[in-house]
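Containing compact mmCIF, C-alpha atoms and all ligand atoms: run38.txt.
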```txt
# COMPACT_ATOMS: atom_id res chain seq x y z
CA MET A 1 118.14 85.11 134.38
CA GLN A 2 121.40 86.09 132.74
CA ASN A 3 121.07 87.26 129.13
CA PRO A 4 123.99 86.01 126.99
CA PHE A 5 123.32 88.90 124.58
CA GLU A 6 123.61 91.63 127.23
CA THR A 7 125.81 94.66 126.52
CA GLU A 8 126.69 97.72 128.60
CA GLU A 9 124.44 99.90 126.40
CA ARG A 10 121.46 97.55 126.71
CA LYS A 11 121.92 97.26 130.47
CA ALA A 12 122.18 101.03 130.86
CA PHE A 13 119.04 101.64 128.78
CA ARG A 14 117.05 99.05 130.76
CA GLU A 15 118.17 100.65 134.02
CA THR A 16 117.21 104.12 132.77
CA VAL A 17 113.68 102.96 131.92
CA ALA A 18 113.42 101.03 135.20
CA ARG A 19 114.37 104.14 137.20
CA PHE A 20 111.85 106.24 135.27
CA VAL A 21 109.11 103.67 135.91
CA ALA A 22 109.93 103.42 139.63
CA ALA A 23 110.10 107.17 140.18
CA GLU A 24 107.50 108.64 137.85
CA ILE A 25 104.98 105.93 137.00
CA LYS A 26 104.60 103.17 139.58
CA PRO A 27 103.55 105.47 142.46
CA HIS A 28 100.66 106.84 140.36
CA VAL A 29 99.22 103.87 138.47
CA ASP A 30 96.24 103.27 140.78
CA GLU A 31 95.20 106.91 140.54
CA TRP A 32 95.69 107.04 136.75
CA ASP A 33 93.86 103.76 136.16
CA GLU A 34 90.87 104.89 138.22
CA ALA A 35 90.88 108.26 136.41
CA GLY A 36 91.17 106.53 133.02
CA ASP A 37 94.08 108.65 131.88
CA VAL A 38 97.86 108.99 131.89
CA PRO A 39 99.03 112.65 132.12
CA TRP A 40 100.40 113.76 128.77
CA GLU A 41 103.68 114.96 130.32
CA ILE A 42 104.50 111.27 130.92
CA HIS A 43 104.33 110.66 127.15
CA GLU A 44 106.83 113.47 126.65
CA LYS A 45 109.12 112.25 129.42
CA ALA A 46 109.12 108.76 127.88
CA GLY A 47 109.86 110.37 124.51
CA ALA A 48 112.83 112.21 126.01
CA LEU A 49 114.26 108.85 127.16
CA GLY A 50 114.16 107.56 123.57
CA TYR A 51 111.32 105.16 124.31
CA PHE A 52 109.65 105.79 120.92
CA GLY A 53 112.78 106.39 118.83
CA PHE A 54 113.91 102.91 117.78
CA GLY A 55 114.18 102.43 114.04
CA VAL A 56 113.46 106.11 113.37
CA GLU A 57 116.01 108.29 111.59
CA GLU A 58 117.65 111.05 113.63
CA GLN A 59 116.40 113.75 111.25
CA TYR A 60 112.86 112.82 112.37
CA GLY A 61 113.73 112.84 116.06
CA GLY A 62 114.54 109.14 116.29
CA LEU A 63 117.55 107.34 117.72
CA GLY A 64 119.00 106.53 114.29
CA PHE A 65 119.35 102.85 115.14
CA ASP A 66 117.26 99.89 116.14
CA ASP A 67 117.78 97.16 118.70
CA ALA A 68 115.21 94.48 119.45
CA PHE A 69 116.70 93.85 122.91
CA MET A 70 116.35 97.48 123.95
CA ARG A 71 112.80 97.64 122.60
CA ALA A 72 111.88 94.51 124.55
CA ALA A 73 113.62 95.71 127.70
CA ALA A 74 111.78 99.04 127.54
CA THR A 75 108.38 97.33 127.27
CA GLU A 76 109.20 94.76 129.96
CA GLU A 77 110.38 97.44 132.41
CA MET A 78 107.36 99.62 131.64
CA SER A 79 105.09 96.62 132.27
CA LYS A 80 106.60 96.25 135.73
CA CYS A 81 104.70 99.41 136.73
CA GLY A 82 101.86 96.94 137.24
CA ALA A 83 99.30 98.61 134.95
CA GLY A 84 99.01 97.47 131.35
CA GLY A 85 96.98 100.59 130.60
CA VAL A 86 100.10 102.72 131.01
CA VAL A 87 102.05 100.47 128.64
CA ALA A 88 99.22 100.72 126.09
CA ALA A 89 98.67 104.47 126.52
CA LEU A 90 102.34 105.21 125.90
CA GLY A 91 103.20 102.34 123.57
CA GLY A 92 100.05 102.47 121.41
CA ARG A 93 101.89 104.79 119.03
CA LEU A 94 104.73 102.26 118.58
CA ILE A 95 102.66 100.06 116.27
CA SER A 96 102.21 102.92 113.80
CA ILE A 97 105.66 104.54 114.03
CA GLY A 98 107.39 101.69 112.19
CA VAL A 99 104.92 101.87 109.28
CA ILE A 100 105.30 105.65 108.98
CA GLN A 101 109.11 105.43 109.05
CA LEU A 102 109.19 102.59 106.53
CA LEU A 103 106.45 103.61 104.11
CA GLY A 104 105.58 107.27 104.70
CA SER A 105 106.66 109.97 102.25
CA ASP A 106 109.38 112.41 103.35
CA GLU A 107 106.68 115.05 103.82
CA ILE A 108 104.57 112.80 106.06
CA LYS A 109 107.59 111.71 108.09
CA ALA A 110 108.81 115.30 108.53
CA ARG A 111 105.47 116.63 109.79
CA SER A 112 104.49 113.70 112.01
CA LEU A 113 107.42 111.68 113.35
CA PRO A 114 109.19 114.41 115.39
CA ASP A 115 105.96 115.09 117.31
CA ILE A 116 105.11 111.39 117.74
CA VAL A 117 108.60 110.25 118.73
CA SER A 118 109.02 113.11 121.24
CA GLY A 119 105.69 112.15 122.83
CA ARG A 120 104.15 115.53 122.03
CA LYS A 121 101.49 113.85 119.87
CA GLY A 122 99.99 110.40 119.57
CA SER A 123 99.45 108.07 116.65
CA SER A 124 97.38 104.92 116.16
CA LEU A 125 97.16 101.94 113.86
CA GLY A 126 93.70 100.97 112.63
CA VAL A 127 93.36 97.43 111.30
CA THR A 128 90.57 95.81 113.36
CA GLU A 129 86.97 96.42 112.25
CA PRO A 130 83.60 95.78 113.90
CA SER A 131 83.24 92.76 111.59
CA GLY A 132 86.44 91.23 112.98
CA GLY A 133 90.14 91.54 113.72
CA SER A 134 91.63 88.09 113.15
CA ASP A 135 90.77 87.80 109.46
CA VAL A 136 92.75 90.84 108.30
CA ALA A 137 92.60 89.76 104.65
CA ASN A 138 88.83 90.19 104.79
CA LEU A 139 88.73 93.78 106.03
CA GLN A 140 85.87 95.88 104.67
CA THR A 141 86.81 99.56 104.99
CA ARG A 142 87.03 100.77 101.43
CA ALA A 143 89.18 103.48 99.80
CA THR A 144 87.94 104.68 96.41
CA ARG A 145 89.96 106.95 94.14
CA ASP A 146 88.43 110.39 93.54
CA GLY A 147 90.81 112.61 91.54
CA ASN A 148 93.76 113.52 93.75
CA HIS A 149 92.12 111.95 96.78
CA PHE A 150 90.84 108.66 98.14
CA LEU A 151 87.44 108.54 99.80
CA LEU A 152 87.49 106.21 102.82
CA ASN A 153 84.29 104.56 103.99
CA GLY A 154 83.85 102.12 106.85
CA SER A 155 84.98 101.89 110.46
CA LYS A 156 87.73 100.58 112.73
CA THR A 157 87.29 99.53 116.33
CA PHE A 158 89.37 98.75 119.44
CA ILE A 159 91.93 101.31 118.28
CA THR A 160 94.45 102.02 121.04
CA GLY A 161 95.05 105.74 121.56
CA GLY A 162 92.37 106.46 118.96
CA VAL A 163 90.70 109.26 120.93
CA LYS A 164 93.82 111.30 121.60
CA SER A 165 95.92 110.58 118.54
CA ASP A 166 96.63 113.20 115.91
CA PHE A 167 97.80 110.77 113.24
CA TYR A 168 96.45 107.40 112.09
CA VAL A 169 97.69 104.59 109.86
CA ILE A 170 94.61 102.95 108.37
CA ALA A 171 94.33 99.73 106.40
CA ALA A 172 91.63 99.91 103.72
CA ARG A 173 90.57 97.96 100.69
CA THR A 174 91.55 99.50 97.36
CA GLY A 175 91.35 96.35 95.26
CA GLY A 176 89.37 93.14 95.09
CA GLU A 177 88.62 90.65 97.82
CA GLY A 178 91.37 89.05 99.88
CA LEU A 179 94.85 89.93 100.98
CA SER A 180 96.03 91.39 97.67
CA GLY A 181 93.54 94.29 97.69
CA ILE A 182 94.61 96.16 100.84
CA SER A 183 96.49 99.47 101.05
CA LEU A 184 97.68 101.67 103.91
CA PHE A 185 96.81 105.34 104.40
CA PHE A 186 98.12 108.10 106.60
CA VAL A 187 95.10 109.96 108.00
CA ASP A 188 95.19 113.26 109.89
CA LYS A 189 92.81 113.77 112.78
CA ASP A 190 91.07 116.77 111.14
CA THR A 191 90.36 114.94 107.87
CA PRO A 192 86.81 115.84 106.71
CA GLY A 193 84.51 112.83 107.11
CA PHE A 194 86.64 111.23 109.83
CA SER A 195 85.33 110.97 113.40
CA VAL A 196 86.11 109.11 116.62
CA THR A 197 84.16 107.86 119.63
CA PRO A 198 85.65 106.40 122.82
CA ILE A 199 85.03 102.79 123.93
CA ASP A 200 84.37 102.80 127.68
CA HIS A 201 84.06 100.10 130.35
CA LYS A 202 86.94 97.88 129.32
CA MET A 203 87.90 94.92 131.53
CA GLY A 204 91.43 96.31 131.87
CA TRP A 205 93.80 98.91 130.42
CA TRP A 206 91.58 101.56 132.04
CA CYS A 207 94.08 104.41 131.68
CA SER A 208 94.57 103.73 127.97
CA ASP A 209 92.05 105.24 125.57
CA THR A 210 90.44 102.92 123.03
CA ALA A 211 88.29 104.16 120.17
CA THR A 212 86.02 103.37 117.28
CA LEU A 213 86.93 105.32 114.15
CA TYR A 214 84.37 106.23 111.50
CA PHE A 215 85.08 107.08 107.86
CA ASP A 216 82.21 108.68 106.00
CA ASP A 217 83.58 109.74 102.60
CA ALA A 218 86.72 110.76 104.51
CA ARG A 219 88.81 112.66 101.97
CA VAL A 220 92.46 111.60 102.15
CA PRO A 221 95.07 113.03 99.73
CA ALA A 222 96.29 110.38 97.27
CA GLU A 223 99.89 111.03 98.33
CA ASN A 224 98.94 109.81 101.82
CA MET A 225 98.85 106.24 100.55
CA MET A 226 101.78 104.50 102.21
CA GLY A 227 103.62 101.88 100.23
CA GLU A 228 102.33 100.30 97.04
CA GLU A 229 98.63 100.15 96.21
CA ASP A 230 97.04 96.79 97.10
CA ARG A 231 100.28 95.63 98.82
CA GLY A 232 99.49 96.72 102.37
CA PHE A 233 98.75 93.26 103.75
CA ILE A 234 102.42 92.23 103.85
CA ALA A 235 103.32 95.48 105.62
CA VAL A 236 100.56 94.88 108.20
CA MET A 237 101.82 91.32 108.80
CA ASN A 238 105.45 92.43 109.20
CA ASN A 239 104.32 95.14 111.57
CA PHE A 240 102.31 92.59 113.58
CA ASN A 241 105.51 90.62 114.15
CA LEU A 242 107.16 93.52 115.95
CA GLU A 243 103.97 94.26 117.90
CA ARG A 244 103.91 90.62 119.00
CA VAL A 245 107.51 90.78 120.23
CA ALA A 246 106.46 93.77 122.36
CA LEU A 247 103.45 91.83 123.66
CA ILE A 248 105.73 88.93 124.63
CA ALA A 249 107.89 91.42 126.56
CA GLN A 250 104.76 92.85 128.16
CA ALA A 251 103.57 89.40 129.24
CA LEU A 252 107.05 88.75 130.65
CA GLY A 253 107.06 91.96 132.69
CA MET A 254 103.53 91.29 133.98
CA SER A 255 104.45 87.71 134.91
CA LYS A 256 107.42 88.98 136.89
CA VAL A 257 105.14 91.35 138.80
CA CYS A 258 102.93 88.35 139.67
CA LEU A 259 105.93 86.37 140.89
CA GLU A 260 107.42 89.23 142.91
CA GLU A 261 104.10 90.05 144.57
CA SER A 262 103.60 86.35 145.38
CA ILE A 263 107.03 86.01 146.98
CA ARG A 264 106.58 89.22 148.97
CA TRP A 265 103.21 88.10 150.31
CA ALA A 266 104.30 84.50 150.95
CA GLN A 267 107.21 85.72 153.05
CA GLU A 268 104.95 87.87 155.24
CA ARG A 269 101.72 85.93 155.53
CA GLN A 270 101.36 83.31 158.29
CA THR A 271 98.95 80.38 158.08
CA PHE A 272 98.80 77.30 160.28
CA GLY A 273 101.67 78.60 162.40
CA LYS A 274 104.20 79.26 159.68
CA ARG A 275 104.86 81.61 156.81
CA LEU A 276 103.20 80.75 153.48
CA ILE A 277 106.61 80.45 151.87
CA GLU A 278 107.33 77.48 154.15
CA HIS A 279 104.36 75.47 152.84
CA GLN A 280 105.51 73.09 150.12
CA VAL A 281 102.44 73.68 147.93
CA ILE A 282 103.20 77.41 147.82
CA ARG A 283 106.91 76.78 147.17
CA HIS A 284 105.96 74.64 144.18
CA LYS A 285 103.68 77.33 142.80
CA ILE A 286 106.58 79.78 142.96
CA ALA A 287 108.91 77.28 141.27
CA ASP A 288 106.37 76.71 138.48
CA MET A 289 105.91 80.44 137.91
CA SER A 290 109.64 81.07 137.91
CA ALA A 291 110.33 78.24 135.42
CA ARG A 292 107.76 79.59 132.97
CA ILE A 293 109.16 83.12 133.30
CA ASP A 294 112.69 81.85 132.58
CA ALA A 295 111.45 80.00 129.50
CA VAL A 296 109.64 83.07 128.13
CA GLU A 297 112.68 85.25 128.82
CA ALA A 298 115.07 82.87 127.06
CA TYR A 299 112.67 82.54 124.12
CA LEU A 300 112.34 86.32 123.88
CA ASN A 301 116.12 86.82 123.94
CA GLN A 302 116.58 84.31 121.14
CA ILE A 303 113.87 86.03 119.08
CA CYS A 304 115.44 89.47 119.66
CA TRP A 305 118.76 88.10 118.44
CA LEU A 306 117.10 86.79 115.26
CA VAL A 307 115.28 90.10 114.66
CA ASN A 308 118.58 91.98 115.02
CA GLU A 309 120.13 89.57 112.52
CA ALA A 310 117.54 90.91 110.02
CA GLU A 311 115.53 87.71 110.11
CA MET A 312 111.84 87.81 110.92
CA PRO A 313 111.23 84.58 112.84
CA THR A 314 107.46 84.54 112.31
CA ALA A 315 107.02 80.96 113.50
CA GLU A 316 108.98 81.54 116.71
CA ILE A 317 107.25 84.86 117.39
CA SER A 318 103.82 83.23 116.95
CA LYS A 319 104.72 80.35 119.27
CA ALA A 320 106.37 82.60 121.83
CA LYS A 321 103.38 84.94 121.88
CA PHE A 322 100.85 82.30 122.89
CA PHE A 323 103.39 80.61 125.17
CA ALA A 324 104.06 83.93 126.92
CA THR A 325 100.38 84.78 127.38
CA LYS A 326 99.56 81.26 128.59
CA SER A 327 102.45 81.61 131.07
CA LEU A 328 101.09 84.97 132.17
CA GLU A 329 97.64 83.45 132.63
CA PHE A 330 99.20 80.76 134.83
CA CYS A 331 101.27 83.27 136.83
CA ALA A 332 98.33 85.64 137.36
CA SER A 333 96.11 82.79 138.51
CA GLU A 334 98.70 81.31 140.88
CA ALA A 335 99.57 84.75 142.26
CA MET A 336 95.90 85.35 142.97
CA GLN A 337 95.71 82.02 144.84
CA ILE A 338 98.80 82.86 146.91
CA LEU A 339 97.48 86.29 147.85
CA GLY A 340 94.04 84.89 148.65
CA GLY A 341 91.43 87.53 149.41
CA ALA A 342 94.03 90.31 149.42
CA GLY A 343 94.62 89.70 145.71
CA TYR A 344 90.95 90.26 144.99
CA LEU A 345 91.00 93.91 146.07
CA ARG A 346 91.25 96.84 143.66
CA GLY A 347 94.60 98.60 143.95
CA ASN A 348 96.48 95.33 144.26
CA PRO A 349 98.73 94.78 141.20
CA VAL A 350 97.79 91.09 141.07
CA GLU A 351 94.09 91.95 140.79
CA ARG A 352 94.92 94.18 137.82
CA MET A 353 97.26 91.65 136.17
CA TYR A 354 94.52 89.02 136.44
CA ARG A 355 92.09 91.31 134.60
CA GLU A 356 94.65 92.28 131.99
CA VAL A 357 95.72 88.79 130.91
CA LYS A 358 93.09 88.51 128.19
CA VAL A 359 93.86 91.68 126.31
CA VAL A 360 97.45 90.52 125.80
CA ALA A 361 96.22 87.02 124.87
CA ILE A 362 93.78 88.41 122.26
CA GLY A 363 95.26 91.70 121.03
CA GLY A 364 97.79 91.75 118.20
CA GLY A 365 96.83 88.19 117.20
CA SER A 366 94.94 85.86 119.52
CA GLU A 367 96.31 82.61 120.93
CA GLU A 368 94.22 80.63 118.42
CA ILE A 369 95.47 82.67 115.47
CA MET A 370 99.07 82.43 116.73
CA ARG A 371 98.86 78.64 116.96
CA ASP A 372 97.35 78.46 113.49
CA LEU A 373 100.08 80.71 112.05
CA ALA A 374 102.81 78.70 113.79
CA VAL A 375 101.58 75.44 112.28
CA ARG A 376 101.28 77.02 108.84
CA GLN A 377 104.88 78.21 109.19
CA MET A 378 105.79 74.55 109.75
CA GLY A 379 104.45 73.91 106.24
CA LEU A 380 101.41 72.03 107.52
C1 LIG A 401 92.04 96.86 124.41
C2 LIG A 401 92.28 96.49 122.97
C3 LIG A 401 93.12 97.27 122.20
C4 LIG A 401 93.30 96.99 120.84
N1 LIG A 401 94.07 97.83 120.07
C5 LIG A 401 94.06 97.68 118.71
C6 LIG A 401 94.70 98.65 117.86
O1 LIG A 401 95.33 99.60 118.33
N2 LIG A 401 94.59 98.49 116.52
C7 LIG A 401 93.92 97.43 115.95
O2 LIG A 401 93.86 97.38 114.73
N3 LIG A 401 93.32 96.51 116.74
C8 LIG A 401 93.37 96.59 118.09
N4 LIG A 401 92.77 95.66 118.89
C9 LIG A 401 92.04 94.56 118.26
C10 LIG A 401 92.68 93.21 118.42
O3 LIG A 401 93.85 93.10 117.65
C11 LIG A 401 91.59 92.20 118.05
O4 LIG A 401 90.68 92.17 119.13
C12 LIG A 401 92.13 90.82 117.78
O5 LIG A 401 92.91 90.81 116.62
C13 LIG A 401 90.98 89.79 117.62
O6 LIG A 401 89.99 90.26 116.75
P1 LIG A 401 88.45 90.26 117.22
O7 LIG A 401 88.37 90.79 118.58
O8 LIG A 401 87.65 90.90 116.17
O9 LIG A 401 88.07 88.72 117.30
P2 LIG A 401 87.57 87.79 116.10
O10 LIG A 401 88.49 87.91 114.96
O11 LIG A 401 86.14 88.03 115.86
O12 LIG A 401 87.75 86.36 116.77
C14 LIG A 401 86.95 85.99 117.91
C15 LIG A 401 87.58 84.75 118.56
O13 LIG A 401 87.56 83.69 117.62
C16 LIG A 401 88.87 83.18 117.46
N5 LIG A 401 89.06 82.83 116.06
C17 LIG A 401 88.94 83.64 114.98
N6 LIG A 401 89.22 82.96 113.85
C18 LIG A 401 89.52 81.70 114.23
C19 LIG A 401 89.92 80.52 113.53
N7 LIG A 401 90.09 80.52 112.20
N8 LIG A 401 90.14 79.39 114.24
C20 LIG A 401 89.99 79.38 115.58
N9 LIG A 401 89.64 80.47 116.30
C21 LIG A 401 89.42 81.61 115.64
C22 LIG A 401 89.82 84.28 117.87
O14 LIG A 401 91.02 83.75 118.34
C23 LIG A 401 89.02 84.96 118.97
O15 LIG A 401 89.29 84.24 120.17
C24 LIG A 401 92.65 95.88 120.27
C25 LIG A 401 91.85 95.05 121.07
C26 LIG A 401 91.65 95.35 122.39
C27 LIG A 401 90.75 94.46 123.21
```

In structure tokens, write the structure found in this file.
Ligand SMILES: Cc1cc2nc3c(=O)[nH]c(=O)nc-3n(C[C@H](O)[C@H](O)[C@H](O)COP(=O)(O)OP(=O)(O)OC[C@H]3O[C@@H](n4cnc5c(N)ncnc54)[C@H](O)[C@@H]3O)c2cc1C
Amino acid sequence: MQNPFETEERKAFRETVARFVAAEIKPHVDEWDEAGDVPWEIHEKAGALGYFGFGVEEQYGGLGFDDAFMRAAATEEMSKCGAGGVVAALGGRLISIGVIQLLGSDEIKARSLPDIVSGRKGSSLGVTEPSGGSDVANLQTRATRDGNHFLLNGSKTFITGGVKSDFYVIAARTGGEGLSGISLFFVDKDTPGFSVTPIDHKMGWWCSDTATLYFDDARVPAENMMGEEDRGFIAVMNNFNLERVALIAQALGMSKVCLEESIRWAQERQTFGKRLIEHQVIRHKIADMSARIDAVEAYLNQICWLVNEAEMPTAEISKAKFFATKSLEFCASEAMQILGGAGYLRGNPVERMYREVKVVAIGGGSEEIMRDLAVRQMGL
């Protein structure tokens, strides 16, 4: 669908990412997913394209500008590789980069961002805890002042990139109960008292590492607190908004894979003496998928325009996120029906998309939480 906000620069960037995905990623995703890993050189190649540089100052290796359309296009094109694990493995660092750029000290930015943005090193954001992820205001990991340090105690789980990252942004409680007692900390991998274990056997995102992080009197320098003490909740919520825009773009890219695979198969496969594409029921499925994809794309474009206008359309982002993941669920299910048994086999992109619907529908704010937030934004 034509984007009324398209520019030459945006088009060129999208095409650059699309070429990179087609040449260097798509041919290998089955192998990487089965192996549970994306070669690190791919992180560095993505970094060289500017994939991680939006909103980061040039002195720290960033692009020196931001553009919501380019960010969304990059994620959508990456998602077209057909393996969400690749998108997560590479893009996991994106949800911490913005916090570091916005709230990190000059010293922290100088020693971490050039390595993260170039893809040489990874970074992770730790908000979710074993006791729950939706109720962020109730998080339990505690940071207690001890001279020039804070001692962190508690744990984080489901942390994308957590095994391989060198740097972590961690939300911890410094004050009383509720949303006004949370602060953010920059934590180095070799911090005494900090350890990591991998989470294996995920339903999808096999080539992306996911970790549980443990803090046992982890000694973090006081200057590693990012932003104001007890004011971290707002920063986490603002950061979630940008993560959700990326997840909408991911759902869009995945939905397009489902549609393209369906059309390809329906044009080849013969049943009852004619091609599947000639059966009206199948034609209607394709029309329904295409209409939902158009709606998500138009919604995403409008949201990107608002983000660029320095507005944070929280209500629209919340609604678009659950709308996009519900659309993806529909597209993955219909694609599976169109492919029949062939779609059920490992190595088929539709089989993987079907397994990876739920992580996009739950991660970064579940469909239930998004609906709740949307209605609250309506003042109800
Ligand atoms: C592969 C993967 C990668 C992830 N990466 C990260 C990461 O990098 N960093 C990070 O911090 N987190 C990460 N997460 C965590 C993710 O953000 C959480 O899973 C998500 O926020 C939901 O939290 P939860 O799983 O604890 O579910 P819970 O909060 O326990 O909720 C369980 C279910 O109940 C529903 N629910 C909860 N409250 C309500 C309510 N009030 N009304 C109605 N329904 C409700 C939820 O929608 C959900 O369906 C990741 C998760 C996965 C699976």

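If all atoms listed in the file are the atoms counted, then among A:Gly104, A:Gly253, A:Pro114, A:Pro313 the closest residue to Leu63 of chain A is A:Pro114.
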
Could you give me, as a PDB file with C-alpha atoms, keeping the file's coordinate frame, the residues within 8 Å of Ile248 of chain A, counting all atoms listed in the file and dropping anything in the same chain fewer than 4 positions from it?
```
ATOM      1  CA  ARG A 244     103.910  90.620 119.000  1.00  0.00           C
ATOM      2  CA  LEU A 252     107.050  88.750 130.650  1.00  0.00           C
ATOM      3  CA  VAL A 296     109.640  83.070 128.130  1.00  0.00           C
ATOM      4  CA  LEU A 300     112.340  86.320 123.880  1.00  0.00           C
ATOM      5  CA  ALA A 320     106.370  82.600 121.830  1.00  0.00           C
ATOM      6  CA  LYS A 321     103.380  84.940 121.880  1.00  0.00           C
ATOM      7  CA  ALA A 324     104.060  83.930 126.920  1.00  0.00           C
ATOM      8  CA  THR A 325     100.380  84.780 127.380  1.00  0.00           C
TER       9      THR A 325
END
```

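Distance annotation: of A:Gly126, A:Pro27, A:Pro4, A:Gly64, the residue with the minimal separation from ligand LIG 401 (chain A) is A:Gly126; atom set is only C-alpha atoms and all ligand atoms.
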
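Among the candidates A:Ala335, A:Ile95, A:Leu328, A:Ala249, the residue lying nearest to ligand LIG 401 (chain A) is A:Ile95 (atoms considered: only C-alpha atoms and all ligand atoms).
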
When you draw a straight line from atom CA of Ala68 of chain A to atom CA of Met370 of chain A, how long is it in Å? 20.3 Å

Neighbours of ligand LIG 401 (chain A) within 7 Å, counting all atoms listed in the file, as a PyMOL selection string? chain A and resi 92+124-135+157-161+205+210+359+362-369

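With all atoms listed in the file as the atoms that count, the residue of A:Gly50, A:Pro39, A:Gly175, A:Gly204 with the shortest distance to Arg352 of chain A is A:Gly204.
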
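Nearest to Val99 of chain A of all the residues A:Asp209, A:Glu243, A:Glu329, A:Asp67 is A:Glu243, counting only C-alpha atoms.
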
Determine, counting all atoms listed in the file, which protein, DNA and RNA residues have an atom within 9 Å of an atom of Arg10 of chain A; residues of the same chain fewer than 5 positions away are not included. Present the result as an MDAnalysis selection string. chainID A and resid 15 67 69:70 73

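For the pair atom CA of Ser318 of chain A and atom CA of Val257 of chain A, the interatomic distance is 23.3 Å.
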
Considering all atoms listed in the file, can you say which of A:Asp66, A:Asp106, A:Glu6, A:Asp217 comes closest to Val307 of chain A? A:Asp66

Pick out the residues sitting within 12 Å of Ser118 of chain A, and hand them over as a PyMOL selection string; count only C-alpha atoms, and ignore anything fewer than 5 positions along from it in its own chain. chain A and resi 40-54+56+58+60-63+90+93-94+97+112-113+123

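Atom to atom, atom CA of Asp294 of chain A and atom CA of Lys256 of chain A stand 9.9 Å apart.
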
Enclose all atoms of segment 139-146 of chain A listed in the file in an axis-aligned box, grow every side by 8 Å, and hand back centre and edge lengths in Å to one decimal, as lines of an AutoDock Vina configuration file.
```
center_x = 87.9
center_y = 102.1
center_z = 99.8
size_x = 20.1
size_y = 32.6
size_z = 28.5
```

Generate a file for segment 246-259 of chain A, containing N, CA and C atoms, as a PDB file, in the first residue's frame.
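What ended up in decode_36.pdb:
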```pdb
ATOM      1  N   ALA A 246       7.638  -0.915  17.441  1.00  0.00           N
ATOM      2  CA  ALA A 246       8.465  -1.917  16.745  1.00  0.00           C
ATOM      3  C   ALA A 246       7.724  -3.263  16.661  1.00  0.00           C
ATOM      4  N   LEU A 247       6.997  -3.616  17.711  1.00  0.00           N
ATOM      5  CA  LEU A 247       6.264  -4.889  17.686  1.00  0.00           C
ATOM      6  C   LEU A 247       5.111  -4.849  16.682  1.00  0.00           C
ATOM      7  N   ILE A 248       4.510  -3.670  16.499  1.00  0.00           N
ATOM      8  CA  ILE A 248       3.474  -3.521  15.461  1.00  0.00           C
ATOM      9  C   ILE A 248       4.116  -3.764  14.092  1.00  0.00           C
ATOM     10  N   ALA A 249       5.298  -3.157  13.886  1.00  0.00           N
ATOM     11  CA  ALA A 249       6.008  -3.328  12.604  1.00  0.00           C
ATOM     12  C   ALA A 249       6.399  -4.792  12.406  1.00  0.00           C
ATOM     13  N   GLN A 250       6.775  -5.451  13.504  1.00  0.00           N
ATOM     14  CA  GLN A 250       7.137  -6.867  13.403  1.00  0.00           C
ATOM     15  C   GLN A 250       5.920  -7.698  13.016  1.00  0.00           C
ATOM     16  N   ALA A 251       4.785  -7.427  13.667  1.00  0.00           N
ATOM     17  CA  ALA A 251       3.557  -8.165  13.334  1.00  0.00           C
ATOM     18  C   ALA A 251       3.168  -7.923  11.876  1.00  0.00           C
ATOM     19  N   LEU A 252       3.385  -6.687  11.408  1.00  0.00           N
ATOM     20  CA  LEU A 252       3.069  -6.367  10.007  1.00  0.00           C
ATOM     21  C   LEU A 252       3.950  -7.185   9.059  1.00  0.00           C
ATOM     22  N   GLY A 253       5.256  -7.189   9.315  1.00  0.00           N
ATOM     23  CA  GLY A 253       6.169  -7.947   8.449  1.00  0.00           C
ATOM     24  C   GLY A 253       5.832  -9.432   8.450  1.00  0.00           C
ATOM     25  N   MET A 254       5.530  -9.971   9.629  1.00  0.00           N
ATOM     26  CA  MET A 254       5.189 -11.400   9.736  1.00  0.00           C
ATOM     27  C   MET A 254       3.882 -11.691   8.989  1.00  0.00           C
ATOM     28  N   SER A 255       2.918 -10.794   9.115  1.00  0.00           N
ATOM     29  CA  SER A 255       1.635 -10.996   8.420  1.00  0.00           C
ATOM     30  C   SER A 255       1.841 -11.013   6.915  1.00  0.00           C
ATOM     31  N   LYS A 256       2.731 -10.142   6.445  1.00  0.00           N
ATOM     32  CA  LYS A 256       3.005 -10.109   4.998  1.00  0.00           C
ATOM     33  C   LYS A 256       3.645 -11.413   4.528  1.00  0.00           C
ATOM     34  N   VAL A 257       4.514 -11.982   5.376  1.00  0.00           N
ATOM     35  CA  VAL A 257       5.107 -13.282   5.015  1.00  0.00           C
ATOM     36  C   VAL A 257       3.990 -14.320   4.869  1.00  0.00           C
ATOM     37  N   CYS A 258       3.038 -14.296   5.812  1.00  0.00           N
ATOM     38  CA  CYS A 258       1.923 -15.267   5.763  1.00  0.00           C
ATOM     39  C   CYS A 258       1.122 -15.094   4.472  1.00  0.00           C
ATOM     40  N   LEU A 259       0.861 -13.846   4.106  1.00  0.00           N
ATOM     41  CA  LEU A 259       0.090 -13.589   2.886  1.00  0.00           C
ATOM     42  C   LEU A 259       0.864 -14.029   1.644  1.00  0.00           C
TER      43      LEU A 259
END
```
